[in-house]
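> First, the structure itself, so that you have it in front of you.
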Amino acid sequence: MKSDDLRKGFLDYFSERGHTLVPSSPLIPQKDPTLLFTNAGMVQFKDVFLGKEGRSYKRAVSAQKCMRAGGKHNDLDNVGMTGRHHTFFEMLGNFSFGDYFKTDAIAFGWELLTKKWDLPKDRLWITVFRDDDEAEGLWKAIGVPAGRIKRMDEKDNFWAMGETGPCGPCSEILIDQGEAAAGPPHDCRGVGCDCDRYLEIWNLVFMQFMRDSESRLTPLPKPSIDTGMGLERITAVIQGVLSNYDSDLFLPILKAVSEMTEYDPDEVRRGMPGRVIADHIRAITFLISDGILPSNEGRGYILRRVIRRAARYGKELGLNEPFLFKLSGTVVDTMRSSYPELARARSVVAQVTQGEEERFIQTLNQGMGLFKEVISKTKAAGDPVVPGSEAFRLYDTYGFPLDIAMDMARDAGLRIDETGYQAAMAEQRERARKSWVVKEVAPYYNEAAAKLGPTEFVGYDSLEDEVRLIGILKGGQPVKKAAAGETVELIFNRTPFYGESGGQAGDQGLLEHPSALAEVHTTIKPAPGFFVHQGKVAQGEIVEGETYRAVVSPAARWGAARNHTATHILHATLREVLGEHVKQSGSLVTPDRLRFDFGHFKPLLSAEIKRIEAIVNERIREDASVETQVMDFQEAVRTGALAFFDDKYGDRVRVVRISDFSKELCGGTHCHETGQVGLFKLVQEGSIAAGVRRIEALTGEMAYLHIKKQEEDIREVAAILKVQPAEVVEKTRRLLAQMREKEKEIERLKGQATGSQAGDIVSEARTVGEVQVLAKRLQDGLEPKDLRSFMDTVRNRLKSKYIILLACASKDNSNAFLITAVSPDLTGRFSAGDIAKEIAGIVGGSGGGRPDMAQAGGKNVSKLPEALARIYEIVEKKRP
């Protein structure tokens, strides 16, 4: 049976039994920024299990894309070492939300495996939690002999969502694959052994308790079911192979790898390099198709590591040029029927992968050069061990592999401190983990939110409203009143002020009363649905419990609305011009400007920037209606609304739709028609991180003022150049051409002067033994490049058996510059790099370079004569 048939068979089986087929969620977890990746089928149902979200169904089935690389669940380093560990995999799962429980879950599992898929009952084993008599009884009732049911401890058979929350016992279904699967020396300890003989194929979690902060378990009123079965494992089992890599999910990829190399398919399939490549290219293809791009942090960093690890193992098969980008097409062809989004992203996946491979080749070469320096320093210090932290730094920064570093160290008669390397890696993982911890809200906000409850937001329809002041915070402490001049945070029962969220700045305005006035400088939402108005009492005294008139600044609100609507238009335009892989990775919307960060793998061309700006302004002129609608989250995503998966969404979401070209989940404020944006001016575009670019733009009046300022600048330049504004460009070109000609003439004259001066000082060279030694301080104020040019001229005059040291001071006499050269016929005895290092110490600086040419510098200009004299001592010491 093929993997496609198994996936479909699983989904059909449960669909026929009243389960709603729910599509796989993306690898970027929806509504859960605490996770790097979706790592289990239950992730998209997490809030349902927690009781925070309701669905229109109580039974669900899915085939979920999963990724386990980075974070708590990390199989990256195990990939290739076994036949069952993967970074990317598919998890088949059926779920019950307070509907059926153990009896049906066990019956469904047994029937599917033994009757639909014909797995032999006498090879199936069951594990249950040590105290779960009910589950054991149900397995016996269904026909499983007591001898093939094993009770396990909490570590193996009790599942929990976290330290607190829903939890419960689980029951695993395993299959005995025979002694051959145990591996030599066939010493399998039975169920629970780490070998592959007794292979877990399905885990049934019985979510029946709620654990509190004191670890007390309370039965849930509506127990639930969460099951998970890896498609890769069940495919290998049913296809009768002991390794997942021998199944039809991996064989097409391994065949393609074989065709790129001199190795036959069996060698590639059995070896670790082939397995790593086959696993990693699946992860690479799915991650990029879900909008993740290589970077130096978070998810992008994991993707970069996966690409580089695969490329490194490719080298072991003789694949020294980019090849992964070609294999991504094989993954698309193999998986597109089940995941059509792969076909749409095919070109982008290939381009991104190829670009990253090319960068890795460059950085690998760079890393080898840097590691040679590490080796030189280690040997110079007389230490036989390269610090593990240094090796890890090169791995972390340049992707320079440990095994290559170990080979280079071994060739140099050294070894690497692997313990230190692993310690540095553990520290990096801890830093990565901490970077994904959600920022905690200040305790006093949580206390105020719990006491005062949510704030009713009425600002979509009105900029003014009568509100009751129900809370005043001063310095984080609740107070009953506040007087003029005091800085405060105010909480109302309802508010027209928009609270900062979704990248949009909070509203500004006033709080009015016949006897008092307070300024609202900004509005924040420190907790869901809870608005805090930060500002200052301007007049009189404000008192908790009284009624005030809250007035939002119309200019600031409409400025933010223009920029927010323009951001949506820009996002849609970027996807139209650059491709659907473009996804928002951050934004800032204020009353006077907008900033938009997005994932893209290369700089924008000038023509692309012009086209983007033109299309955005065209959309604005269309004056299309901006419509909003509140709907279920899942329905919104199904209808094509873009969601940003680092954001948290509730069960019901607000969808902002602009004509037929933009549809996003958004709680922000917007124009009513696109024409109200007025004008869009893109003022800056550039990279802010690997794979992330930023556009800054202005709209409306701010865009107009920006253009007016540019016109004034051009008129001013025209006046200086004594031409008309339309002639500024041509006049500037002519002036620059003239300037370049003058610079060439200056360089020619300087060269003549240098040649003449060099001829004069060559006669000052002293002979020490057979070596011509020249040490000379040139005129101060020369640039380092002039010093190098002078050195080249002197070297050409002396021809051979020379050692030269030239020096000068900077114009302000604050720095000493030195350059030294050794003729090629003397580099076996003398090294310019070593000479530079020694002399640099005299002038209080540092130096180094090649054996034939090196530079040094320092702050102690007064020591230049001593430094120049030292060169003669150095040569004299090594005189034969």
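Each chain in the structure tokens gets a letter, A, B, ..., in the order shown, and its residues are numbered from 1; ligands are numbered from 1 in order too.
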May I have all residues of stretch 430-497 of chain A that DSSP, computed from the backbone, assigns to alpha helix (DSSP H), given as a ChimeraX atom specification?

/A:430-435,443-452

> Excluding A:Asp132 and its own-chain neighbours fewer than 6 positions away, which residues fall within 12 Å of it when counting only C-alpha atoms? Please give them as JSON, numbers by chain.

{"A": [102, 138, 139, 149, 150, 151, 152, 153, 154, 157, 158, 168, 169, 170, 171, 205, 206, 208]}

> Could you give me, as JSON lines, a per-residue list for stretch 235-332 of chain A showing, wherever an atom lies at most 7 Å from an atom of stretch 677-695 of chain A, the closest pair of atoms and their distance in Å to one decimal, using only C-alpha atoms and sorting by chain then residue number from low to high?


```
{"residue": "A:Leu293", "atom": "CA", "partner": "A:Gly691", "partner_atom": "CA", "distance": 5.5}
{"residue": "A:Pro294", "atom": "CA", "partner": "A:Gly691", "partner_atom": "CA", "distance": 5.8}
{"residue": "A:Ser295", "atom": "CA", "partner": "A:Ala690", "partner_atom": "CA", "distance": 4.5}
{"residue": "A:Asn296", "atom": "CA", "partner": "A:Ala690", "partner_atom": "CA", "distance": 6.7}
```

> Pull the closest atom pair for each residue of stretch 108-162 of chain A that gets at most 12 Å from stretch 39-63 of chain A, along with the distance in Å to one decimal, counting only C-alpha atoms, ordering rows by chain and then ascending residue number, as CSV.


```
residue,atom,partner,partner_atom,distance
A:Ala160,CA,A:Phe49,CA,11.6
A:Met161,CA,A:Lys46,CA,8.7
A:Gly162,CA,A:Leu50,CA,11.3
```

> Would you output that residue set with all heavy atoms, as a short mmCIF file (atom, residue, chain, number, x, y, z; two decimals), in the first residue's frame?


```cif
data_model
loop_
_atom_site.label_atom_id
_atom_site.label_comp_id
_atom_site.auth_asym_id
_atom_site.auth_seq_id
_atom_site.Cartn_x
_atom_site.Cartn_y
_atom_site.Cartn_z
N ALA A 160 1.08 15.30 29.40
CA ALA A 160 0.62 16.58 29.96
C ALA A 160 0.93 17.70 28.98
O ALA A 160 1.99 17.70 28.34
CB ALA A 160 1.29 16.84 31.30
N MET A 161 0.04 18.67 28.89
CA MET A 161 0.23 19.80 27.99
C MET A 161 1.30 20.74 28.53
O MET A 161 1.95 21.46 27.79
CB MET A 161 -1.09 20.54 27.79
CG MET A 161 -1.08 21.54 26.64
SD MET A 161 -2.71 22.26 26.34
CE MET A 161 -3.60 20.89 25.61
N GLY A 162 1.47 20.75 29.84
CA GLY A 162 2.45 21.61 30.49
C GLY A 162 2.53 21.23 31.95
O GLY A 162 1.99 20.20 32.38
#
```

> Identify, on the basis of only C-alpha atoms, every residue whose closest approach to A:His571 does not exceed 8 Å; exclude the query and any residue fewer than 4 positions from it along the same chain; express the result as a list of chain:residue names.

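So the residues in contact are A:Thr567, A:Arg575, A:Lys583, A:Gln584.
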
> Name the residues of stretch 639-788 of chain A that fall into strand (DSSP E) according to DSSP on the backbone, using the chain letters and numbers of this document, as a PyMOL selection string.

chain A and resi 652-658+662-665+680-689+692-699+766-768+771-777

> Find the spatial neighbours of stretch 190-199 of chain A, counting only C-alpha atoms, within a cut-off of 8 Å - ignore same-chain residues fewer than 3 positions away - and output them as a ChimeraX atom specification.

/A:150,174-183

> Ranking A:Met368, A:Val331, A:Leu774, A:Ala867 by minimum distance to A:Leu818 and counting only C-alpha atoms, which one comes first?

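Looking only at the distances to A:Leu818, the closest residue turns out to be A:Ala867.
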
> Would you work out the distance separating atom CA of A:Ala412 from atom CA of A:Asp396, expressed in Å to one decimal?

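Calculated distance between atom CA of A:Ala412 and atom CA of A:Asp396 is 22.5 Å.
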
> Counting only C-alpha atoms, what is within 10 Å of A:Glu876, bar same-chain residues fewer than 3 positions away, as a VMD selection string?

chain A and resid 768 to 769 771 870 to 873 879 to 880

> Which residues of stretch 624-698 of chain A have any atom within 7 Å of an atom in stretch 554-565 of chain A when counting only C-alpha atoms, and what is the closest pair of atoms for each, with the distance in Å to one decimal? Order the rows by chain and rising number and write it as a tab-separated table.


```
residue	atom	partner	partner_atom	distance
A:Thr669	CA	A:Ala561	CA	5.3
A:His670	CA	A:Ala561	CA	4.2
A:Cys671	CA	A:Ala561	CA	5.5
A:Gln676	CA	A:Arg562	CA	6.8
A:Val677	CA	A:Arg562	CA	4.7
```

> Give me the residues near stretch 513-528 of chain A as an NGL selection string, where near means some atom within 10 Å (using only C-alpha atoms) and where sequence neighbours in that chain fewer than 6 positions away do not count.

:A and (440-442 or 445-446 or 448-450 or 454-455 or 482-490 or 497-501 or 505-507 or 534-543 or 546-553 or 648-650)

> State, in Å with one decimal place, the distance from atom CA of A:Val352 to atom CA of A:Pro340.

19.0 Å
